[in-house]
$ cat start11.pdb   # PDB, C-alpha atoms
ATOM      1  CA  MET A  89     -16.302 -22.946  16.109
ATOM      2  CA  GLU A  90     -19.058 -20.813  17.533
ATOM      3  CA  ASN A  91     -16.848 -17.733  17.883
ATOM      4  CA  LEU A  92     -14.967 -17.975  14.574
ATOM      5  CA  HIS A  93     -16.439 -14.579  13.667
ATOM      6  CA  GLN A  94     -14.698 -12.946  16.643
ATOM      7  CA  HIS A  95     -11.390 -14.701  15.964
ATOM      8  CA  ILE A  96     -11.351 -13.353  12.408
ATOM      9  CA  GLU A  97     -12.196  -9.860  13.660
ATOM     10  CA  ALA A  98      -9.353 -10.047  16.192
ATOM     11  CA  LEU A  99      -6.849 -11.106  13.522
ATOM     12  CA  ILE A 100      -7.749  -8.191  11.252
ATOM     13  CA  PHE A 101      -7.910  -5.680  14.101
ATOM     14  CA  SER A 102      -4.498  -6.634  15.509
ATOM     15  CA  SER A 103      -2.622  -6.429  12.200
ATOM     16  CA  GLU A 104      -0.964  -3.194  11.060
ATOM     17  CA  ILE A 105      -1.397  -4.185   7.407
ATOM     18  CA  ALA A 106      -4.103  -5.954   5.431
ATOM     19  CA  VAL A 107      -4.572  -9.653   6.261
ATOM     20  CA  SER A 108      -5.245 -12.035   3.381
ATOM     21  CA  ARG A 109      -7.820 -14.806   3.502
ATOM     22  CA  ALA A 110      -4.987 -17.347   3.248
ATOM     23  CA  GLU A 111      -3.330 -15.833   6.333
ATOM     24  CA  ILE A 112      -6.612 -15.920   8.245
ATOM     25  CA  TYR A 113      -7.117 -19.563   7.298
ATOM     26  CA  GLU A 114      -3.555 -20.481   8.309
ATOM     27  CA  CYS A 115      -3.859 -18.743  11.700
ATOM     28  CA  ILE A 116      -7.157 -20.428  12.510
ATOM     29  CA  LYS A 117      -5.842 -23.805  11.358
ATOM     30  CA  LYS A 118      -2.721 -23.561  13.540
ATOM     31  CA  ALA A 119      -4.537 -22.167  16.585
ATOM     32  CA  PHE A 120      -7.346 -24.739  16.454
ATOM     33  CA  PRO A 121      -6.085 -27.871  14.647
ATOM     34  CA  GLU A 122      -9.001 -29.885  15.994
ATOM     35  CA  TYR A 123     -11.508 -27.863  13.918
ATOM     36  CA  THR A 124     -12.121 -28.036  10.185
ATOM     37  CA  VAL A 125     -12.638 -24.616   8.637
ATOM     38  CA  ASP A 126     -12.980 -24.163   4.881
ATOM     39  CA  ASP A 127     -12.535 -21.089   2.671
ATOM     40  CA  GLN A 128     -16.256 -20.758   2.062
ATOM     41  CA  LEU A 129     -16.970 -20.448   5.781
ATOM     42  CA  ILE A 130     -14.243 -17.811   6.193
ATOM     43  CA  ASP A 131     -15.631 -15.891   3.207
ATOM     44  CA  GLN A 132     -19.087 -15.909   4.769
ATOM     45  CA  HIS A 133     -17.772 -14.537   8.047
ATOM     46  CA  LEU A 134     -15.772 -11.853   6.228
ATOM     47  CA  SER A 135     -18.939 -10.795   4.387
ATOM     48  CA  ASP A 136     -20.856 -10.725   7.677
ATOM     49  CA  ILE A 137     -18.151  -8.609   9.340
ATOM     50  CA  ALA A 138     -18.116  -6.149   6.417
ATOM     51  CA  ALA A 139     -21.922  -5.843   6.589
ATOM     52  CA  LYS A 140     -21.823  -5.404  10.370
ATOM     53  CA  TYR A 141     -19.474  -2.407  10.303
ATOM     54  CA  LYS A 142     -21.358  -0.605   7.555
ATOM     55  CA  ALA A 143     -23.850   0.431  10.226
ATOM     56  CA  ASP A 144     -23.718   4.146  11.147
ATOM     57  CA  PHE A 145     -23.079   3.175  14.754
ATOM     58  CA  PHE A 146     -19.470   2.296  13.899
ATOM     59  CA  SER A 147     -16.814   4.861  12.976
ATOM     60  CA  PHE A 148     -14.759   2.318  11.023
ATOM     61  CA  GLU A 149     -15.384  -0.281   8.330
ATOM     62  CA  LEU A 150     -13.817  -3.349   6.745
ATOM     63  CA  ARG A 151     -12.178  -2.864   3.353
ATOM     64  CA  VAL A 152     -10.353  -5.076   0.882
ATOM     65  CA  ILE A 153      -6.913  -3.512   0.362
ATOM     66  CA  GLY A 154      -3.920  -4.991  -1.432
ATOM     67  CA  GLY A 155      -5.628  -8.360  -1.687
ATOM     68  CA  GLY A 156      -6.314  -8.505   2.058
ATOM     69  CA  TYR A 157      -8.703  -7.209   4.713
ATOM     70  CA  GLN A 158      -8.155  -4.214   6.975
ATOM     71  CA  PHE A 159     -10.212  -1.902   9.179
ATOM     72  CA  PHE A 160     -10.338   1.771   8.139
ATOM     73  CA  THR A 161     -12.060   4.761   9.680
ATOM     74  CA  LYS A 162     -14.977   6.064   7.637
ATOM     75  CA  PRO A 163     -14.499   9.197   5.481
ATOM     76  CA  GLN A 164     -16.692  11.409   7.684
ATOM     77  CA  TYR A 165     -14.127  11.119  10.494
ATOM     78  CA  HIS A 166     -11.013  11.855   8.415
ATOM     79  CA  GLU A 167     -10.945  15.556   9.366
ATOM     80  CA  THR A 168     -10.642  14.702  13.049
ATOM     81  CA  ILE A 169      -8.009  12.070  12.379
ATOM     82  CA  SER A 170      -5.967  14.467  10.257
ATOM     83  CA  VAL A 171      -5.598  16.698  13.315
ATOM     84  CA  LEU A 172      -4.101  13.799  15.271
ATOM     85  CA  ILE A 173      -1.727  12.974  12.417
ATOM     86  CA  GLY A 174      -0.621  16.603  12.289
ATOM     87  CA  MET A 175       0.037  16.577  16.013
ATOM     88  CA  LYS A 176       2.491  13.724  15.592
ATOM     89  CA  GLU A 177       4.736  16.154  13.677
ATOM     90  CA  LYS A 178       5.900  13.630  11.148
ATOM     91  CA  LYS A 179       7.535  14.657   7.911
ATOM     92  CA  ARG A 180       6.534  13.459   4.474
ATOM     93  CA  LEU A 181       8.845  11.797   1.997
ATOM     94  CA  SER A 182      11.408  14.108   0.447
ATOM     95  CA  THR A 183      10.747  15.352  -3.076
ATOM     96  CA  ALA A 184      13.543  13.136  -4.405
ATOM     97  CA  ALA A 185      12.157  10.014  -2.731
ATOM     98  CA  LEU A 186       8.636  10.907  -3.830
ATOM     99  CA  GLU A 187       9.730  11.254  -7.449
ATOM    100  CA  THR A 188      11.501   7.891  -7.344
ATOM    101  CA  LEU A 189       8.515   6.219  -5.681
ATOM    102  CA  SER A 190       6.188   7.682  -8.296
ATOM    103  CA  ILE A 191       8.290   6.315 -11.146
ATOM    104  CA  ILE A 192       8.451   2.850  -9.588
ATOM    105  CA  ALA A 193       4.691   2.879  -8.933
ATOM    106  CA  TYR A 194       3.847   3.714 -12.545
ATOM    107  CA  LYS A 195       6.707   2.005 -14.387
ATOM    108  CA  GLY A 196       7.678  -0.912 -12.130
ATOM    109  CA  PRO A 197       9.138  -3.412 -12.095
ATOM    110  CA  ILE A 198      11.974  -1.076 -13.066
ATOM    111  CA  THR A 199      15.729  -0.886 -12.459
ATOM    112  CA  ARG A 200      17.479   1.893 -10.577
ATOM    113  CA  GLY A 201      19.276   2.839 -13.772
ATOM    114  CA  GLU A 202      15.972   3.291 -15.582
ATOM    115  CA  CYS A 203      14.728   5.485 -12.721
ATOM    116  CA  GLU A 204      17.866   7.593 -12.973
ATOM    117  CA  ALA A 205      17.418   7.934 -16.739
ATOM    118  CA  ILE A 206      13.929   9.325 -16.152
ATOM    119  CA  ARG A 207      14.830  11.598 -13.220
ATOM    120  CA  GLY A 208      18.194  12.648 -14.616
ATOM    121  CA  VAL A 209      19.930  12.282 -11.250
ATOM    122  CA  ASN A 210      21.328   9.537  -9.023
ATOM    123  CA  CYS A 211      18.626   7.565  -7.159
ATOM    124  CA  ASP A 212      20.779   5.530  -4.741
ATOM    125  CA  TYR A 213      19.704   7.383  -1.597
ATOM    126  CA  SER A 214      16.020   7.493  -2.519
ATOM    127  CA  VAL A 215      15.893   3.796  -3.379
ATOM    128  CA  GLN A 216      17.615   2.925  -0.091
ATOM    129  CA  LYS A 217      15.170   5.032   1.966
ATOM    130  CA  LEU A 218      12.168   3.550   0.164
ATOM    131  CA  LEU A 219      13.494   0.030   0.809
ATOM    132  CA  GLU A 220      14.009   0.862   4.499
ATOM    133  CA  LYS A 221      10.430   2.110   4.755
ATOM    134  CA  GLU A 222       9.226  -1.019   2.930
ATOM    135  CA  LEU A 223       7.439   1.053   0.282
ATOM    136  CA  ILE A 224       9.348  -0.751  -2.484
ATOM    137  CA  GLU A 225      10.888  -4.217  -2.743
ATOM    138  CA  VAL A 226      13.105  -6.276  -5.022
ATOM    139  CA  ALA A 227      11.104  -7.859  -7.831
ATOM    140  CA  GLY A 228      13.930  -9.879  -9.393
ATOM    141  CA  ARG A 229      16.756  -9.156 -11.816
ATOM    142  CA  VAL A 230      17.160  -8.484 -15.523
ATOM    143  CA  GLU A 231      18.900 -11.770 -16.301
ATOM    144  CA  ASP A 232      19.931 -10.930 -19.857
ATOM    145  CA  ALA A 233      21.449  -7.522 -19.024
ATOM    146  CA  VAL A 234      25.045  -6.767 -18.063
ATOM    147  CA  GLY A 235      25.459  -7.001 -14.307
ATOM    148  CA  ARG A 236      21.923  -8.427 -13.894
ATOM    149  CA  PRO A 237      20.495  -5.164 -12.453
ATOM    150  CA  VAL A 238      17.876  -5.414  -9.717
ATOM    151  CA  LEU A 239      14.228  -4.683 -10.512
ATOM    152  CA  TYR A 240      12.074  -2.775  -8.014
ATOM    153  CA  LYS A 241       8.315  -2.614  -7.502
ATOM    154  CA  VAL A 242       5.996  -1.129  -4.878
ATOM    155  CA  THR A 243       4.960  -3.229  -1.892
ATOM    156  CA  PRO A 244       1.626  -4.126  -0.268
ATOM    157  CA  LEU A 245       2.491  -1.463   2.319
ATOM    158  CA  PHE A 246       2.491   1.138  -0.468
ATOM    159  CA  LEU A 247      -0.962  -0.069  -1.518
ATOM    160  CA  ASP A 248      -2.104   0.247   2.105
ATOM    161  CA  TYR A 249      -0.865   3.846   2.324
ATOM    162  CA  PHE A 250      -2.761   4.810  -0.809
ATOM    163  CA  GLY A 251      -5.856   2.727  -0.057
ATOM    164  CA  ILE A 252      -5.773   0.778  -3.327
ATOM    165  CA  ASN A 253      -5.664  -2.878  -4.325
ATOM    166  CA  SER A 254      -3.105  -2.507  -7.119
ATOM    167  CA  THR A 255      -1.170   0.147  -9.028
ATOM    168  CA  MET A 256      -3.786  -0.216 -11.766
ATOM    169  CA  GLU A 257      -6.035   1.925  -9.531
ATOM    170  CA  LEU A 258      -3.637   4.891  -9.610
ATOM    171  CA  PRO A 259      -4.835   7.820 -11.751
ATOM    172  CA  LYS A 260      -4.160   7.230 -15.454
ATOM    173  CA  LEU A 261      -1.383   9.459 -16.750
ATOM    174  CA  LYS A 262      -3.442  10.420 -19.797
ATOM    175  CA  ASP A 263      -6.072  11.836 -17.433
ATOM    176  CA  VAL A 264      -3.695  14.066 -15.497
ATOM    177  CA  LEU A 265      -0.931  15.052 -17.917
ATOM    178  CA  THR A 266      -1.194  17.936 -20.347
ATOM    179  CA  PRO A 267      -0.904  17.153 -24.101
ATOM    180  CA  ASP A 268       2.687  18.409 -24.285
ATOM    181  CA  THR A 269       3.813  16.154 -21.412
ATOM    182  CA  GLU A 270       1.734  13.053 -21.949
ATOM    183  CA  ASN A 271       4.760  11.087 -23.179
ATOM    184  CA  THR A 272       6.771  11.804 -20.018
ATOM    185  CA  VAL A 273       6.511  11.053 -16.335
ATOM    186  CA  GLY A 274       7.516  14.537 -15.244
ATOM    187  CA  ASP A 275       4.168  15.170 -13.561
ATOM    188  CA  VAL A 276       3.961  11.751 -11.909
ATOM    189  CA  PRO A 277       5.163  13.030  -8.481
ATOM    190  CA  GLU A 278       2.363  15.618  -8.567
ATOM    191  CA  VAL A 279      -0.144  12.819  -9.189
ATOM    192  CA  ILE A 280       1.113  10.773  -6.250
ATOM    193  CA  SER A 281       1.373  13.717  -3.864
ATOM    194  CA  ASP A 282      -2.164  14.836  -4.653
ATOM    195  CA  ILE A 283      -3.515  11.589  -3.192
ATOM    196  CA  GLN A 284      -4.128  11.869   0.541
ATOM    197  CA  THR A 285      -1.770   9.508   2.378
ATOM    198  CA  PRO A 286      -0.556   9.045   5.937
ATOM    199  CA  SER A 287       2.662  10.929   6.694
ATOM    200  CA  VAL A 288       5.876   8.970   6.274
ATOM    201  CA  GLU A 289       8.908   9.889   8.341
ATOM    202  CA  GLU A 290      11.914  11.056   6.305
ATOM    203  CA  GLY A 291      15.451  11.953   7.264
ATOM    204  CA  ALA A 292      17.826  14.162   5.362
ATOM    205  CA  GLY A 293      17.010  14.280   1.670
ATOM    206  CA  GLU A 294      19.185  14.258  -1.377
TER
END

$ encode --input "start11.pdb" --output "C-alpha cells"
Amino acid sequence: MENLHQHIEALIFSSEIAVSRAEIYECIKKAFPEYTVDDQLIDQHLSDIAAKYKADFFSFELRVIGGGYQFFTKPQYHETISVLIGMKEKKRLSTAALETLSIIAYKGPITRGECEAIRGVNCDYSVQKLLEKELIEVAGRVEDAVGRPVLYKVTPLFLDYFGINSTMELPKLKDVLTPDTENTVGDVPEVISDIQTPSVEEGAGE
C-alpha cells in the first residue's frame, strides 16, 4: 500500500483515545484484506510519523500513551489551549470523587470497602460517577472474600487524561508526602490534583 502512512495517520487522528498497534493492524487488515501488512511495517510508519511531527512547523506531535498512539499539542501551545478549555466552563471532579480516584490510582486494584476504610466515608456515589466517566473500571472480584467484592482500577482513559503510560509514572508517594504522613494516603488527592489535566464534568457532589 503506497498510502499506508496516511491511513495510519487518519486512524490516530480520528480517535478520541490512544490507538494501539494491534488496533491499527486490525483496521488495515479489515479495510484492505487483499494486502499483507506486518507489524514491522506498521512500526516503521509509526516511527516515520513521530519523526515527521517533531518538526517545528507542526503544533502537535505523536506520543505513546497508555500503550497506544495519540496526537497531542506541543507544550508551547498549552497556554492558548487552556484559555479555550476555560471558555467551555466545565467543572472538575468533586473533591470526594477526586479522593476516591486518587486512592484507586495508587492502590488499585482495590475494593470499594477498602477505599471507604481509607477515606473514612461512603464511596458509593464517587465510584458510580467515576465508572460513568470511564475513569475507573471493574478489574475482577476477590473470590475468597465474603460476598466476592468487586475490584476497581483506573482505565486507559485515565492514563490519557494524565498523559502517562501506566500508574507507575505517577509521582512516588515517598517523594511528595511529609515524614509524618508517609504511611498514609491522605495527601494523595493533592498529588493527583497538582497534575495538569483536562477538565472533567461533574454533577452534584457528595

$ atom_distance --input "start11.pdb" --atom1 "atom CA of A:Ile191" --atom2 "atom CA of A:Gly251"
18.3 Å

$ resolve_selection --input "start11.pdb" --expression "the PyMOL selection byres ((chain A and resi 214) around 9)" --output "list of chain:residue names"
A:Ser182, A:Ala184, A:Ala185, A:Leu186, A:Glu187, A:Thr188, A:Leu189, A:Asn210, A:Cys211, A:Asp212, A:Tyr213, A:Val215, A:Gln216, A:Lys217, A:Leu218, A:Leu219, A:Gly293, A:Glu294

$ residues_around --input "start11.pdb" --residues "A:Ala138" --least-positions-apart "6" --cutoff "8 Å" --atoms "all atoms listed in the file" --output "MDAnalysis selection string"
chainID A and resid 149:151

$ write_last_selection --input "start11.pdb" --atoms "C-alpha atoms" --output "mmCIF file, in the frame of the given file"
data_model
loop_
_atom_site.group_PDB
_atom_site.id
_atom_site.type_symbol
_atom_site.label_atom_id
_atom_site.label_comp_id
_atom_site.auth_asym_id
_atom_site.auth_seq_id
_atom_site.Cartn_x
_atom_site.Cartn_y
_atom_site.Cartn_z
ATOM 1 C CA GLU A 149 -15.384 -0.281 8.330
ATOM 2 C CA LEU A 150 -13.817 -3.349 6.745
ATOM 3 C CA ARG A 151 -12.178 -2.864 3.353
#

$ closest_residue --input "start11.pdb" --among "A:Ser108, A:Thr243, A:Gln132, A:Thr255" --to "A:Lys221" --atoms "only C-alpha atoms"
A:Thr243

$ axis_aligned_box --input "start11.pdb" --around "stretch 222-226 of chain A" --padding-each-side "5 Å" --output "JSON"
{"center_x": 10.3, "center_y": -2.6, "center_z": -1.0, "size_x": 15.7, "size_y": 17.3, "size_z": 18.0}

$ closest_residue --input "start11.pdb" --among "A:Asn253, A:Gln94, A:Ser102, A:Ser190" --to "A:Leu223" --atoms "only C-alpha atoms"
A:Ser190

$ build_atoms --input "start11.pdb" --residues "stretch 181-215 of chain A" --atoms "N, CA and C atoms" --output "compact mmCIF listing (two decimals), in the coordinates of the input"
# COMPACT_ATOMS: atom_id res chain seq x y z
N LEU A 181 7.70 12.18 2.80
CA LEU A 181 8.85 11.80 2.00
C LEU A 181 9.44 13.02 1.31
N SER A 182 10.75 13.02 1.16
CA SER A 182 11.41 14.11 0.45
C SER A 182 10.94 14.11 -1.00
N THR A 183 11.14 15.25 -1.67
CA THR A 183 10.75 15.35 -3.08
C THR A 183 11.47 14.31 -3.92
N ALA A 184 12.75 14.11 -3.64
CA ALA A 184 13.54 13.14 -4.40
C ALA A 184 13.00 11.73 -4.24
N ALA A 185 12.69 11.35 -2.99
CA ALA A 185 12.16 10.01 -2.73
C ALA A 185 10.76 9.86 -3.34
N LEU A 186 9.98 10.94 -3.28
CA LEU A 186 8.64 10.91 -3.83
C LEU A 186 8.67 10.72 -5.34
N GLU A 187 9.60 11.40 -6.00
CA GLU A 187 9.73 11.25 -7.45
C GLU A 187 10.11 9.82 -7.82
N THR A 188 11.06 9.27 -7.08
CA THR A 188 11.50 7.89 -7.34
C THR A 188 10.37 6.90 -7.09
N LEU A 189 9.64 7.09 -5.99
CA LEU A 189 8.52 6.22 -5.68
C LEU A 189 7.44 6.29 -6.76
N SER A 190 7.19 7.49 -7.25
CA SER A 190 6.19 7.68 -8.30
C SER A 190 6.55 6.91 -9.56
N ILE A 191 7.83 7.00 -9.94
CA ILE A 191 8.29 6.32 -11.15
C ILE A 191 8.15 4.80 -10.99
N ILE A 192 8.54 4.29 -9.83
CA ILE A 192 8.45 2.85 -9.59
C ILE A 192 6.99 2.40 -9.57
N ALA A 193 6.11 3.23 -8.99
CA ALA A 193 4.69 2.88 -8.93
C ALA A 193 4.09 2.76 -10.32
N TYR A 194 4.44 3.69 -11.20
CA TYR A 194 3.85 3.71 -12.54
C TYR A 194 4.59 2.84 -13.55
N LYS A 195 5.91 2.70 -13.38
CA LYS A 195 6.71 2.00 -14.39
C LYS A 195 7.23 0.64 -13.94
N GLY A 196 7.09 0.32 -12.64
CA GLY A 196 7.68 -0.91 -12.13
C GLY A 196 7.02 -2.17 -12.67
N PRO A 197 7.77 -3.30 -12.58
CA PRO A 197 9.14 -3.41 -12.10
C PRO A 197 10.12 -2.64 -12.99
N ILE A 198 11.05 -1.95 -12.35
CA ILE A 198 11.97 -1.08 -13.07
C ILE A 198 13.31 -1.08 -12.34
N THR A 199 14.40 -0.91 -13.08
CA THR A 199 15.73 -0.89 -12.46
C THR A 199 16.05 0.52 -11.96
N ARG A 200 17.05 0.58 -11.08
CA ARG A 200 17.48 1.89 -10.58
C ARG A 200 18.03 2.75 -11.71
N GLY A 201 18.73 2.11 -12.63
CA GLY A 201 19.28 2.84 -13.77
C GLY A 201 18.19 3.47 -14.62
N GLU A 202 17.09 2.76 -14.80
CA GLU A 202 15.97 3.29 -15.58
C GLU A 202 15.33 4.46 -14.85
N CYS A 203 15.26 4.37 -13.52
CA CYS A 203 14.73 5.48 -12.72
C CYS A 203 15.62 6.72 -12.88
N GLU A 204 16.92 6.49 -12.85
CA GLU A 204 17.87 7.59 -12.97
C GLU A 204 17.80 8.23 -14.36
N ALA A 205 17.54 7.40 -15.38
CA ALA A 205 17.42 7.93 -16.74
C ALA A 205 16.20 8.85 -16.85
N ILE A 206 15.15 8.51 -16.12
CA ILE A 206 13.93 9.32 -16.15
C ILE A 206 14.09 10.59 -15.32
N ARG A 207 14.67 10.45 -14.11
CA ARG A 207 14.83 11.60 -13.22
C ARG A 207 15.99 12.48 -13.63
N GLY A 208 17.02 11.88 -14.22
CA GLY A 208 18.19 12.65 -14.62
C GLY A 208 19.21 12.85 -13.52
N VAL A 209 19.00 12.18 -12.37
CA VAL A 209 19.93 12.28 -11.25
C VAL A 209 20.08 10.92 -10.59
N ASN A 210 21.08 10.78 -9.75
CA ASN A 210 21.33 9.54 -9.02
C ASN A 210 20.17 9.23 -8.06
N CYS A 211 19.77 7.96 -8.00
CA CYS A 211 18.63 7.56 -7.16
C CYS A 211 19.02 6.65 -6.01
N ASP A 212 20.33 6.47 -5.77
CA ASP A 212 20.78 5.53 -4.74
C ASP A 212 20.14 5.79 -3.38
N TYR A 213 20.21 7.05 -2.93
CA TYR A 213 19.70 7.38 -1.60
C TYR A 213 18.20 7.17 -1.51
N SER A 214 17.48 7.62 -2.53
CA SER A 214 16.02 7.49 -2.52
C SER A 214 15.59 6.04 -2.51
N VAL A 215 16.23 5.22 -3.33
CA VAL A 215 15.89 3.80 -3.38
C VAL A 215 16.16 3.15 -2.02
